file run.csv (CSV, C-alpha atoms)
chain,number,residue,atom,x,y,z
G,1,MET,CA,-15.3,-107.4,123.1
G,2,ALA,CA,-15.5,-105.2,126.2
G,3,ALA,CA,-15.1,-106.8,129.6
G,4,ALA,CA,-16.8,-105.5,132.7
G,5,SER,CA,-15.0,-104.8,136.0
G,6,SER,CA,-17.9,-103.3,137.8
G,7,SER,CA,-21.6,-102.6,137.5
G,8,VAL,CA,-23.3,-99.8,135.7
G,9,VAL,CA,-26.3,-98.1,137.3
G,10,VAL,CA,-28.5,-95.8,135.2
G,11,VAL,CA,-30.6,-93.3,137.1
G,12,GLY,CA,-33.7,-92.6,135.0
G,13,ALA,CA,-35.7,-94.9,132.8
G,14,GLY,CA,-36.6,-92.5,130.0
G,15,GLN,CA,-35.3,-92.7,126.5
G,16,ALA,CA,-31.8,-91.6,127.4
G,17,GLY,CA,-31.5,-94.0,130.3
G,18,GLY,CA,-32.9,-97.0,128.4
G,19,GLN,CA,-30.6,-96.3,125.5
G,20,VAL,CA,-27.5,-96.4,127.7
G,21,ALA,CA,-28.3,-100.0,128.6
G,22,VAL,CA,-29.0,-100.9,125.0
G,23,SER,CA,-25.8,-99.2,123.7
G,24,LEU,CA,-23.7,-100.9,126.4
G,25,ARG,CA,-24.9,-104.3,125.3
G,26,GLU,CA,-24.5,-103.5,121.7
G,27,GLN,CA,-20.9,-102.3,122.4
G,28,GLY,CA,-20.0,-105.6,124.1
G,29,TYR,CA,-20.4,-104.7,127.8
G,30,ARG,CA,-21.1,-107.9,129.7
G,31,GLY,CA,-21.2,-106.6,133.3
G,32,PRO,CA,-24.3,-106.0,135.4
G,33,ILE,CA,-26.6,-103.1,134.3
G,34,THR,CA,-29.4,-101.7,136.3
G,35,VAL,CA,-31.8,-99.0,135.1
G,36,VAL,CA,-33.9,-97.3,137.8
G,37,GLY,CA,-37.0,-95.4,137.0
G,38,ALA,CA,-39.7,-93.4,138.8
G,39,GLU,CA,-42.5,-94.4,136.5
G,40,SER,CA,-44.1,-97.9,136.3
G,41,VAL,CA,-43.5,-98.2,132.6
G,42,ALA,CA,-40.4,-99.4,130.8
G,43,PRO,CA,-38.4,-96.8,128.8
G,44,TYR,CA,-40.7,-95.1,126.2
G,45,GLN,CA,-40.7,-92.3,123.6
G,46,ARG,CA,-42.1,-89.0,124.7
G,47,PRO,CA,-42.5,-87.2,121.4
G,48,PRO,CA,-45.5,-89.3,120.3
G,49,LEU,CA,-47.3,-88.5,123.6
G,50,THR,CA,-48.7,-85.2,122.1
G,51,LYS,CA,-49.2,-86.7,118.7
G,52,ALA,CA,-50.1,-90.3,118.0
G,53,TYR,CA,-50.7,-91.3,121.6
G,54,LEU,CA,-52.9,-88.4,122.4
G,55,ALA,CA,-54.8,-88.9,119.2
G,56,GLY,CA,-55.3,-92.6,120.0
G,57,ARG,CA,-53.3,-93.8,117.0
G,58,THR,CA,-50.9,-95.8,119.2
G,59,ASP,CA,-51.0,-97.4,122.7
G,60,VAL,CA,-48.4,-97.7,125.5
G,61,GLU,CA,-46.9,-100.8,123.8
G,62,GLY,CA,-46.3,-98.7,120.7
G,63,LEU,CA,-44.4,-96.1,122.7
G,64,LEU,CA,-41.9,-98.5,124.2
G,65,THR,CA,-38.3,-98.1,122.9
G,66,GLN,CA,-37.8,-101.8,123.3
G,67,LYS,CA,-40.1,-104.8,123.8
G,68,GLN,CA,-40.6,-105.5,127.5
G,69,SER,CA,-38.8,-108.8,127.0
G,70,TYR,CA,-35.7,-107.1,125.7
G,71,TYR,CA,-34.4,-106.3,129.2
G,72,ALA,CA,-34.6,-109.8,130.6
G,73,ASP,CA,-33.3,-111.3,127.4
G,74,ASN,CA,-30.2,-109.1,127.6
G,75,ASP,CA,-29.7,-109.4,131.4
G,76,ILE,CA,-30.6,-105.8,132.2
G,77,ASP,CA,-32.2,-105.3,135.6
G,78,LEU,CA,-35.1,-102.8,135.1
G,79,VAL,CA,-36.2,-101.3,138.5
G,80,LEU,CA,-39.4,-99.3,138.0
G,81,ASP,CA,-41.6,-97.2,140.3
G,82,ASP,CA,-38.8,-96.9,142.8
G,83,PRO,CA,-36.7,-93.8,142.1
G,84,VAL,CA,-33.2,-93.1,143.4
G,85,ALA,CA,-33.4,-90.9,146.5
G,86,VAL,CA,-29.7,-90.5,147.2
G,87,VAL,CA,-26.4,-90.8,145.4
G,88,ASP,CA,-23.6,-91.7,147.9
G,89,ARG,CA,-20.4,-91.1,146.0
G,90,ALA,CA,-18.1,-92.1,149.0
G,91,ALA,CA,-19.8,-95.5,149.4
G,92,ARG,CA,-20.4,-95.9,145.6
G,93,VAL,CA,-24.0,-96.7,146.1
G,94,VAL,CA,-27.4,-95.2,145.3
G,95,VAL,CA,-30.3,-95.5,147.7
G,96,LEU,CA,-33.8,-96.0,146.3
G,97,SER,CA,-37.0,-94.6,147.7
G,98,SER,CA,-37.8,-98.1,149.0
G,99,GLY,CA,-34.5,-98.1,151.0
G,100,ARG,CA,-32.8,-100.6,148.6
G,101,THR,CA,-29.2,-99.9,147.8
G,102,LEU,CA,-27.4,-100.5,144.6
G,103,GLU,CA,-23.6,-100.5,144.2
G,104,PHE,CA,-22.1,-98.9,141.1
G,105,GLY,CA,-18.8,-98.7,139.4
G,106,ASP,CA,-20.1,-96.3,136.8
G,107,LEU,CA,-23.2,-94.2,137.3
G,108,VAL,CA,-25.2,-92.5,134.6
G,109,LEU,CA,-27.6,-89.7,135.5
G,110,ALA,CA,-30.4,-89.6,133.0
G,111,THR,CA,-32.8,-87.9,135.3
G,112,GLY,CA,-34.6,-85.8,132.6
G,113,ALA,CA,-36.6,-82.8,133.4
G,114,GLU,CA,-39.9,-81.8,135.0
G,115,PRO,CA,-42.5,-79.5,133.4
G,116,ARG,CA,-43.0,-76.0,134.7
G,117,THR,CA,-46.4,-76.0,136.2
G,118,LEU,CA,-49.2,-73.5,136.9
G,119,PRO,CA,-51.9,-74.2,139.5
G,120,GLY,CA,-55.1,-75.5,137.9
G,121,THR,CA,-53.4,-76.7,134.7
G,122,PHE,CA,-52.4,-80.1,133.2
G,123,SER,CA,-49.0,-81.0,132.0
G,124,LEU,CA,-48.0,-83.3,129.1
G,125,ARG,CA,-44.7,-84.9,130.2
G,126,THR,CA,-45.7,-88.5,131.0
G,127,ILE,CA,-48.1,-91.2,129.9
G,128,ALA,CA,-50.0,-90.6,133.1
G,129,ASP,CA,-50.2,-86.9,132.3
G,130,VAL,CA,-51.6,-87.5,128.8
G,131,ASP,CA,-54.0,-90.2,130.1
G,132,ALA,CA,-55.5,-87.6,132.5
G,133,VAL,CA,-55.8,-85.0,129.6
G,134,ARG,CA,-57.4,-87.6,127.3
G,135,ALA,CA,-60.0,-88.4,129.9
G,136,ARG,CA,-61.0,-84.7,129.9
G,137,LEU,CA,-61.4,-84.7,126.1
G,138,ASP,CA,-64.1,-87.4,125.9
G,139,GLY,CA,-66.7,-84.8,125.0
G,140,PRO,CA,-66.7,-81.3,123.4
G,141,SER,CA,-64.4,-79.1,125.4
G,142,ARG,CA,-63.2,-75.5,125.5
G,143,VAL,CA,-59.5,-75.9,125.7
G,144,VAL,CA,-56.9,-73.2,126.7
G,145,VAL,CA,-53.2,-74.0,126.0
G,146,ILE,CA,-50.7,-71.8,127.9
G,147,GLY,CA,-47.5,-71.7,125.9
G,148,ALA,CA,-46.9,-71.8,122.1
G,149,GLY,CA,-43.9,-74.0,122.0
G,150,PHE,CA,-43.7,-77.4,120.3
G,151,ILE,CA,-45.6,-79.2,123.1
G,152,GLY,CA,-48.4,-76.7,123.4
G,153,LEU,CA,-48.9,-76.4,119.6
G,154,GLU,CA,-48.8,-80.1,119.0
G,155,PHE,CA,-51.4,-80.6,121.6
G,156,ALA,CA,-53.5,-77.8,120.2
G,157,ALA,CA,-53.4,-79.3,116.8
G,158,VAL,CA,-54.6,-82.7,118.0
G,159,ALA,CA,-57.3,-81.2,120.2
G,160,ARG,CA,-58.6,-79.1,117.3
G,161,GLU,CA,-58.6,-82.1,115.0
G,162,GLN,CA,-60.8,-83.8,117.5
G,163,GLY,CA,-63.3,-80.9,117.3
G,164,HIS,CA,-62.5,-79.0,120.4
G,165,ASP,CA,-62.5,-75.2,120.8
G,166,VAL,CA,-58.9,-74.3,121.3
G,167,THR,CA,-57.2,-71.0,122.3
G,168,VAL,CA,-53.4,-70.8,122.7
G,169,VAL,CA,-51.9,-68.0,124.9
G,170,GLU,CA,-48.3,-67.1,124.5
G,171,ALA,CA,-46.4,-64.5,126.5
G,172,LEU,CA,-43.7,-64.0,123.9
G,173,PRO,CA,-44.4,-62.0,120.7
G,174,ARG,CA,-44.3,-65.1,118.5
G,175,ALA,CA,-44.8,-68.8,118.6
G,176,MET,CA,-41.8,-71.2,119.1
G,177,ALA,CA,-39.7,-68.1,119.5
G,178,ARG,CA,-36.8,-70.0,121.1
G,179,ALA,CA,-36.7,-72.8,118.6
G,180,VAL,CA,-37.4,-71.5,115.0
G,181,THR,CA,-37.1,-68.5,112.8
G,182,PRO,CA,-39.8,-65.9,112.5
G,183,PHE,CA,-40.6,-67.1,109.0
G,184,THR,CA,-41.3,-70.6,110.1
G,185,SER,CA,-43.1,-69.4,113.2
G,186,ALA,CA,-45.5,-67.4,111.2
G,187,HIS,CA,-46.2,-70.3,108.8
G,188,VAL,CA,-47.1,-72.6,111.7
G,189,VAL,CA,-49.3,-70.0,113.4
G,190,SER,CA,-51.1,-69.5,110.1
G,191,ALA,CA,-51.8,-73.3,109.8
G,192,HIS,CA,-53.3,-73.2,113.3
G,193,GLU,CA,-55.5,-70.2,112.6
G,194,ARG,CA,-56.7,-71.7,109.3
G,195,SER,CA,-57.8,-74.8,111.3
G,196,GLY,CA,-59.8,-72.6,113.7
G,197,VAL,CA,-57.3,-72.2,116.6
G,198,ARG,CA,-57.2,-68.8,118.3
G,199,ILE,CA,-53.7,-67.8,119.1
G,200,LEU,CA,-53.0,-64.8,121.4
G,201,LEU,CA,-49.4,-63.7,121.2
G,202,GLY,CA,-47.7,-61.3,123.6
G,203,THR,CA,-50.4,-62.1,126.1
G,204,GLN,CA,-49.9,-62.8,129.8
G,205,VAL,CA,-52.0,-65.1,132.0
G,206,LYS,CA,-53.0,-63.6,135.3
G,207,SER,CA,-54.7,-66.6,136.9
G,208,VAL,CA,-56.3,-70.0,136.2
G,209,ARG,CA,-59.5,-70.6,138.0
G,210,PRO,CA,-62.1,-73.3,137.7
G,211,ASP,CA,-63.7,-73.1,134.2
G,212,VAL,CA,-61.9,-69.8,133.3
G,213,VAL,CA,-58.5,-68.4,132.5
G,214,GLU,CA,-58.0,-64.7,133.3
G,215,LEU,CA,-55.6,-62.7,131.1
G,216,ALA,CA,-53.5,-59.8,132.3
G,217,ASP,CA,-55.8,-57.3,130.5
G,218,GLY,CA,-58.9,-58.7,132.3
G,219,THR,CA,-60.1,-60.9,129.5
G,220,LEU,CA,-61.8,-64.1,130.6
G,221,LEU,CA,-61.4,-67.3,128.6
G,222,PRO,CA,-63.9,-70.0,129.4
G,223,ALA,CA,-62.0,-73.3,129.8
G,224,ASP,CA,-63.1,-76.9,130.5
G,225,LEU,CA,-59.4,-77.9,130.3
G,226,VAL,CA,-56.2,-75.9,130.7
G,227,VAL,CA,-52.9,-77.3,129.5
G,228,ALA,CA,-49.6,-75.7,130.3
G,229,GLY,CA,-46.6,-76.1,127.9
G,230,ILE,CA,-44.3,-73.6,129.4
G,231,GLY,CA,-41.0,-75.4,129.3
G,232,VAL,CA,-39.2,-77.7,131.7
G,233,VAL,CA,-36.7,-77.6,134.5
G,234,PRO,CA,-33.8,-80.1,134.6
G,235,ASN,CA,-33.8,-82.6,137.4
G,236,THR,CA,-30.6,-81.8,139.2
G,237,GLU,CA,-31.4,-82.5,142.8
G,238,LEU,CA,-29.6,-85.8,143.0
G,239,ALA,CA,-26.5,-84.4,141.4
G,240,ALA,CA,-26.5,-81.3,143.6
G,241,GLY,CA,-27.0,-83.5,146.7
G,242,ALA,CA,-24.0,-85.5,145.7
G,243,GLY,CA,-21.8,-82.4,145.4
G,244,LEU,CA,-21.6,-82.3,141.6
G,245,THR,CA,-21.6,-79.0,139.7
G,246,VAL,CA,-25.0,-77.9,138.6
G,247,ASP,CA,-25.9,-74.9,136.4
G,248,ASP,CA,-29.2,-75.2,134.6
G,249,GLY,CA,-28.4,-78.8,134.3
G,250,VAL,CA,-25.7,-81.2,135.5
G,251,VAL,CA,-22.4,-79.8,134.1
G,252,VAL,CA,-20.3,-82.3,132.2
G,253,ASP,CA,-17.1,-82.4,130.1
G,254,ALA,CA,-16.6,-83.3,126.5
G,255,HIS,CA,-17.1,-87.0,127.4
G,256,LEU,CA,-20.2,-86.2,129.4
G,257,ARG,CA,-18.5,-86.9,132.7
G,258,THR,CA,-19.3,-84.9,135.8
G,259,ASP,CA,-16.8,-83.7,138.4
G,260,ASP,CA,-16.6,-87.3,139.4
G,261,PRO,CA,-15.0,-89.3,136.5
G,262,SER,CA,-17.1,-92.4,137.1
G,263,ILE,CA,-20.4,-90.4,137.1
G,264,TYR,CA,-21.9,-89.2,133.8
G,265,ALA,CA,-25.0,-87.1,132.9
G,266,ILE,CA,-26.9,-87.3,129.7
G,267,GLY,CA,-30.1,-86.1,128.0
G,268,ASP,CA,-32.4,-83.4,129.2
G,269,CYS,CA,-30.6,-83.0,132.5
G,270,ALA,CA,-27.1,-82.5,131.1
G,271,ARG,CA,-25.4,-79.2,130.3
G,272,PHE,CA,-22.4,-79.8,128.0
G,273,SER,CA,-20.0,-77.8,125.9
G,274,SER,CA,-21.2,-77.8,122.3
G,275,PRO,CA,-18.6,-77.2,119.7
G,276,ARG,CA,-21.4,-76.3,117.3
G,277,ALA,CA,-22.9,-73.7,119.5
G,278,GLY,CA,-19.6,-72.5,120.9
G,279,ARG,CA,-20.9,-72.5,124.5
G,280,ARG,CA,-22.5,-74.8,127.1
G,281,ILE,CA,-26.0,-75.8,126.3
G,282,ARG,CA,-28.7,-78.2,127.4
G,283,LEU,CA,-30.8,-79.9,124.7
G,284,GLU,CA,-34.2,-81.5,125.0
G,285,SER,CA,-34.4,-83.9,122.1
G,286,VAL,CA,-34.5,-87.5,121.1
G,287,GLN,CA,-31.3,-87.1,119.1
G,288,ASN,CA,-29.5,-85.7,122.1
G,289,ALA,CA,-30.7,-88.5,124.4
G,290,VAL,CA,-29.9,-91.3,122.1
G,291,ASP,CA,-26.5,-90.0,120.8
G,292,GLN,CA,-25.3,-89.1,124.3
G,293,ALA,CA,-26.3,-92.5,125.6
G,294,ALA,CA,-24.2,-94.1,122.9
G,295,CYS,CA,-21.3,-91.8,123.7
G,296,VAL,CA,-21.3,-92.7,127.4
G,297,ALA,CA,-21.6,-96.4,126.6
G,298,ALA,CA,-18.4,-96.0,124.5
G,299,SER,CA,-16.6,-94.3,127.3
G,300,ILE,CA,-17.6,-97.0,129.8
G,301,THR,CA,-16.4,-99.8,127.4
G,302,GLY,CA,-13.1,-98.1,126.7
G,303,SER,CA,-13.7,-96.3,123.4
G,304,ALA,CA,-14.1,-92.8,124.7
G,305,GLU,CA,-14.7,-90.0,122.1
G,306,PRO,CA,-15.9,-86.4,122.7
G,307,TYR,CA,-19.6,-85.9,122.2
G,308,THR,CA,-20.1,-84.1,118.9
G,309,GLY,CA,-23.6,-85.2,117.8
G,310,LEU,CA,-25.5,-82.9,115.4
G,311,PRO,CA,-28.7,-81.7,116.9
G,312,TRP,CA,-31.9,-82.4,115.1
G,313,PHE,CA,-35.6,-81.9,115.9
G,314,TRP,CA,-39.0,-82.3,114.5
G,315,SER,CA,-42.7,-81.4,115.0
G,316,ASP,CA,-45.9,-82.6,113.4
G,317,GLN,CA,-48.8,-80.1,113.4
G,318,TYR,CA,-51.7,-80.8,111.0
G,319,ALA,CA,-50.1,-81.3,107.5
G,320,VAL,CA,-47.0,-79.3,108.6
G,321,ARG,CA,-44.0,-81.6,109.0
G,322,LEU,CA,-41.3,-79.4,110.5
G,323,GLN,CA,-37.8,-80.9,110.6
G,324,ILE,CA,-34.7,-79.0,111.8
G,325,ALA,CA,-31.1,-79.9,111.4
G,326,GLY,CA,-28.5,-78.0,113.4
G,327,LEU,CA,-29.0,-75.2,115.9
G,328,VAL,CA,-30.5,-72.1,114.3
G,329,ASP,CA,-30.4,-69.7,117.3
G,330,GLY,CA,-27.8,-67.0,116.9
G,331,HIS,CA,-28.3,-66.7,113.2
G,332,ASP,CA,-28.1,-63.2,111.5
G,333,ARG,CA,-29.2,-64.1,108.0
G,334,THR,CA,-31.8,-66.5,106.5
G,335,VAL,CA,-32.5,-67.6,102.9
G,336,VAL,CA,-35.8,-69.2,102.1
G,337,THR,CA,-36.0,-71.8,99.3
G,338,GLY,CA,-38.9,-73.8,97.9
G,339,ASP,CA,-42.6,-72.9,97.8
G,340,PRO,CA,-43.8,-71.2,101.0
G,341,ASP,CA,-47.3,-70.5,99.5
G,342,GLY,CA,-47.6,-74.2,98.8
G,343,GLY,CA,-46.4,-75.2,102.3
G,344,ARG,CA,-43.1,-76.7,101.1
G,345,PHE,CA,-40.0,-74.7,101.9
G,346,SER,CA,-36.7,-74.6,103.8
G,347,VAL,CA,-35.1,-71.8,105.8
G,348,PHE,CA,-31.3,-71.8,105.7
G,349,CYS,CA,-29.9,-70.0,108.8
G,350,PHE,CA,-26.5,-68.4,108.7
G,351,ARG,CA,-24.2,-66.6,111.0
G,352,GLY,CA,-22.1,-64.6,108.6
G,353,ASP,CA,-21.4,-67.0,105.8
G,354,ARG,CA,-21.5,-70.1,108.1
G,355,LEU,CA,-24.5,-72.4,107.8
G,356,LEU,CA,-25.9,-73.1,111.3
G,357,GLY,CA,-28.9,-75.1,110.5
G,358,VAL,CA,-31.9,-75.7,108.2
G,359,GLU,CA,-35.6,-75.6,109.0
G,360,ALA,CA,-37.4,-77.9,106.5
G,361,VAL,CA,-41.2,-77.7,106.2
G,362,ASN,CA,-42.6,-80.6,104.2
G,363,LYS,CA,-39.2,-80.9,102.6
G,364,PRO,CA,-37.7,-84.1,104.0
G,365,ALA,CA,-35.0,-84.3,101.3
G,366,ASP,CA,-33.6,-80.9,102.3
G,367,TYR,CA,-33.7,-82.0,106.0
G,368,MET,CA,-31.7,-85.2,105.3
G,369,MET,CA,-29.2,-83.4,103.1
G,370,ALA,CA,-28.7,-80.7,105.7
G,371,ARG,CA,-28.0,-83.3,108.3
G,372,ARG,CA,-25.5,-85.0,106.0
G,373,LEU,CA,-23.8,-81.7,105.2
G,374,LEU,CA,-23.6,-80.4,108.7
G,375,SER,CA,-22.6,-83.7,110.2
G,376,ALA,CA,-19.6,-83.8,107.9
G,377,GLY,CA,-18.6,-80.3,108.8
G,378,GLY,CA,-19.6,-78.9,105.4
G,379,THR,CA,-21.3,-75.7,104.6
G,380,VAL,CA,-22.8,-73.6,101.8
G,381,SER,CA,-22.8,-69.9,101.4
G,382,PRO,CA,-25.9,-67.7,101.5
G,383,ASP,CA,-25.3,-66.5,98.0
G,384,VAL,CA,-25.2,-70.0,96.6
G,385,VAL,CA,-28.4,-71.0,98.4
G,386,ALA,CA,-30.1,-67.8,97.1
G,387,ALA,CA,-29.1,-68.4,93.5
G,388,PRO,CA,-32.0,-69.4,91.1
G,389,GLY,CA,-32.4,-73.2,90.8
G,390,PHE,CA,-30.4,-74.1,93.9
G,391,ASP,CA,-31.1,-77.6,95.1
G,392,LEU,CA,-29.5,-78.9,98.3
G,393,ARG,CA,-29.5,-82.5,97.2
G,394,THR,CA,-27.7,-81.8,94.0
G,395,TYR,CA,-25.2,-79.6,95.9
G,396,VAL,CA,-24.4,-82.3,98.5
G,397,GLN,CA,-24.4,-85.2,96.1
G,398,GLY,CA,-22.3,-83.2,93.7
G,399,GLY,CA,-19.3,-83.3,96.0
G,400,ALA,CA,-20.0,-80.8,98.8
G,401,VAL,CA,-19.6,-83.7,101.3
G,402,ALA,CA,-16.9,-86.3,100.8
G,403,ALA,CA,-18.2,-89.8,100.3

call {"tool": "encode", "arguments": {"input": "run.csv", "output": "structure tokens"}}
result
Amino acid sequence: MAAASSSVVVVGAGQAGGQVAVSLREQGYRGPITVVGAESVAPYQRPPLTKAYLAGRTDVEGLLTQKQSYYADNDIDLVLDDPVAVVDRAARVVVLSSGRTLEFGDLVLATGAEPRTLPGTFSLRTIADVDAVRARLDGPSRVVVIGAGFIGLEFAAVAREQGHDVTVVEALPRAMARAVTPFTSAHVVSAHERSGVRILLGTQVKSVRPDVVELADGTLLPADLVVAGIGVVPNTELAAGAGLTVDDGVVVDAHLRTDDPSIYAIGDCARFSSPRAGRRIRLESVQNAVDQAACVAASITGSAEPYTGLPWFWSDQYAVRLQIAGLVDGHDRTVVTGDPDGGRFSVFCFRGDRLLGVEAVNKPADYMMARRLLSAGGTVSPDVVAAPGFDLRTYVQGGAVAA
């Protein structure tokens, strides 16, 4: 069982930060742990904010990653509504906004990211953000969503299901362009359009004014509510202020350590070398947050291993359940299997003959088998996937992945 020689302070009480504390206790760490957050809520899941929480199918308690009592029961000090203002590496302390100081032996930066904003628009990053939006959806509304990424489209789907008039404006020529293939993008857009959402692709917003959004071509879109889902910016100010290397995220090594070996960075704010992508990347996903937290906990407890987690993502929009295993950007060939017309298909993405990832739409078995295959370092060729009757479950269970 791991012993503790010093305290661990976690900066950020989101899913990544909360998971560090959980993983440390699970891995036998018995020293002091303090998790410091800017919000007044214990660590919670963000993905349901634009799905179940926005739709009223769950409450704040249902979002929490652990019961509130977990932290006291496991001797974890949870400091909320008092964010870290300064990291003093020389003194080995952090200074909170209240002026309180906390000593650390190991420090974990799980500072997350902030949404890019536009004047006159609402964001969907926190419980408070979504509460403000929900209050504006009490009656019939004309809603304009700026940005056709996961967040924007998930919100658009819920708003439309609630009966609101919804228009989505996207500057790029297709939806979710940075995340999915054109085939999957077109399928999701079609689902929105069939549900009555108007989607304007390749369209720039000129300005947002009270009750109206003006497009670059002069078109005016009446709007009672405007929501922006135009990406996020990693929170790197504390790291930069402490003299750590920052480059679209806090730069870390294979073990998620910064320039200072006793300071780690994880989750949305961390930029790490991905052996799967072959370059430094920054990922915004639950998988990344949870897996990196466990990796850092292992390092702190003396069981350091390089971070090699397989990225995976998901999105629910209407009856479309999109699940992605791996990183599909950079592919140069795709093979589609299943029944696209029936809304159940998978897109296998390759670079040359190497499988990069699989997009599964209402095909959970393909998604799980793809995760298993890719996690084990396995692959399958495009020609095999394209052969009549190919089934990924049969392929994997037939020996493509060692037991």

call {"tool": "closest_residue", "arguments": {"input": "run.csv", "among": "G:Val145, G:Val9, G:Ile263, G:Leu373", "to": "G:Glu103", "atoms": "all atoms listed in the file"}}
result
G:Val9

call {"tool": "atom_distance", "arguments": {"input": "run.csv", "atom1": "atom CA of G:Ala277", "atom2": "atom CA of G:Leu327"}}
result
7.2 Å

call {"tool": "residues_around", "arguments": {"input": "run.csv", "residues": "stretch 358-362 of chain G", "least_positions_apart": "3", "cutoff": "9 Å", "atoms": "all atoms listed in the file", "output": "MDAnalysis selection string"}}
result
chainID G and resid 180:181 184 319:328 340 343:349 355 365:367 370:371

call {"tool": "atom_distance", "arguments": {"input": "run.csv", "atom1": "atom CA of G:Val8", "atom2": "atom CA of G:Glu114"}}
result
24.5 Å

call {"tool": "closest_residue", "arguments": {"input": "run.csv", "among": "G:Ala135, G:Thr379, G:Tyr307, G:Gly196", "to": "G:Ala294", "atoms": "all atoms listed in the file"}}
result
G:Tyr307

call {"tool": "residues_around", "arguments": {"input": "run.csv", "residues": "G:Val286", "least_positions_apart": "4", "cutoff": "12 Å", "atoms": "only C-alpha atoms", "output": "number ranges by chain"}}
result
G: 14-17, 19, 44-48, 65, 112, 266-268, 290-293, 309-315

call {"tool": "write_last_selection", "arguments": {"input": "run.csv", "atoms": "C-alpha atoms", "output": "CSV table (one decimal), in the coordinates of the input"}}
result
chain,number,residue,atom,x,y,z
G,14,GLY,CA,-36.6,-92.5,130.0
G,15,GLN,CA,-35.3,-92.7,126.5
G,16,ALA,CA,-31.8,-91.6,127.4
G,17,GLY,CA,-31.5,-94.0,130.3
G,19,GLN,CA,-30.6,-96.3,125.5
G,44,TYR,CA,-40.7,-95.1,126.2
G,45,GLN,CA,-40.7,-92.3,123.6
G,46,ARG,CA,-42.1,-89.0,124.7
G,47,PRO,CA,-42.5,-87.2,121.4
G,48,PRO,CA,-45.5,-89.3,120.3
G,65,THR,CA,-38.3,-98.1,122.9
G,112,GLY,CA,-34.6,-85.8,132.6
G,266,ILE,CA,-26.9,-87.3,129.7
G,267,GLY,CA,-30.1,-86.1,128.0
G,268,ASP,CA,-32.4,-83.4,129.2
G,290,VAL,CA,-29.9,-91.3,122.1
G,291,ASP,CA,-26.5,-90.0,120.8
G,292,GLN,CA,-25.3,-89.1,124.3
G,293,ALA,CA,-26.3,-92.5,125.6
G,309,GLY,CA,-23.6,-85.2,117.8
G,310,LEU,CA,-25.5,-82.9,115.4
G,311,PRO,CA,-28.7,-81.7,116.9
G,312,TRP,CA,-31.9,-82.4,115.1
G,313,PHE,CA,-35.6,-81.9,115.9
G,314,TRP,CA,-39.0,-82.3,114.5
G,315,SER,CA,-42.7,-81.4,115.0

call {"tool": "atom_distance", "arguments": {"input": "run.csv", "atom1": "atom CA of G:Leu54", "atom2": "atom CA of G:Arg134"}}
result
6.7 Å

call {"tool": "closest_residue", "arguments": {"input": "run.csv", "among": "G:Gly389, G:Gly218, G:Pro182, G:Pro364", "to": "G:His331", "atoms": "only C-alpha atoms"}}
result
G:Pro182

call {"tool": "closest_residue", "arguments": {"input": "run.csv", "among": "G:Ala191, G:Gly99, G:Gly105, G:Ile230", "to": "G:Arg125", "atoms": "all atoms listed in the file"}}
result
G:Ile230

call {"tool": "residues_around", "arguments": {"input": "run.csv", "residues": "G:Ser6", "least_positions_apart": "3", "cutoff": "8 Å", "atoms": "all atoms listed in the file", "output": "NGL selection string"}}
result
:G and (31-32 or 104-106)

call {"tool": "write_last_selection", "arguments": {"input": "run.csv", "atoms": "C-alpha atoms", "output": "short mmCIF file (atom, residue, chain, number, x, y, z; two decimals), in the coordinates of the input"}}
result
data_model
loop_
_atom_site.label_atom_id
_atom_site.label_comp_id
_atom_site.auth_asym_id
_atom_site.auth_seq_id
_atom_site.Cartn_x
_atom_site.Cartn_y
_atom_site.Cartn_z
CA GLY G 31 -21.20 -106.60 133.30
CA PRO G 32 -24.30 -106.00 135.40
CA PHE G 104 -22.10 -98.90 141.10
CA GLY G 105 -18.80 -98.70 139.40
CA ASP G 106 -20.10 -96.30 136.80
#

call {"tool": "closest_residue", "arguments": {"input": "run.csv", "among": "G:Gly377, G:Gly152, G:Pro234, G:Gly139", "to": "G:Lys51", "atoms": "all atoms listed in the file"}}
result
G:Gly152

call {"tool": "residues_around", "arguments": {"input": "run.csv", "residues": "G:Val166", "least_positions_apart": "4", "cutoff": "9 Å", "atoms": "only C-alpha atoms", "output": "PyMOL selection string"}}
result
chain G and resi 141-145+156-157+159-160+196-199

call {"tool": "closest_residue", "arguments": {"input": "run.csv", "among": "G:Leu137, G:Val188, G:Ala21, G:Leu102", "to": "G:Ile300", "atoms": "all atoms listed in the file"}}
result
G:Ala21

call {"tool": "residues_around", "arguments": {"input": "run.csv", "residues": "G:Leu80", "least_positions_apart": "3", "cutoff": "7 Å", "atoms": "all atoms listed in the file", "output": "ChimeraX atom specification"}}
result
/G:36-41
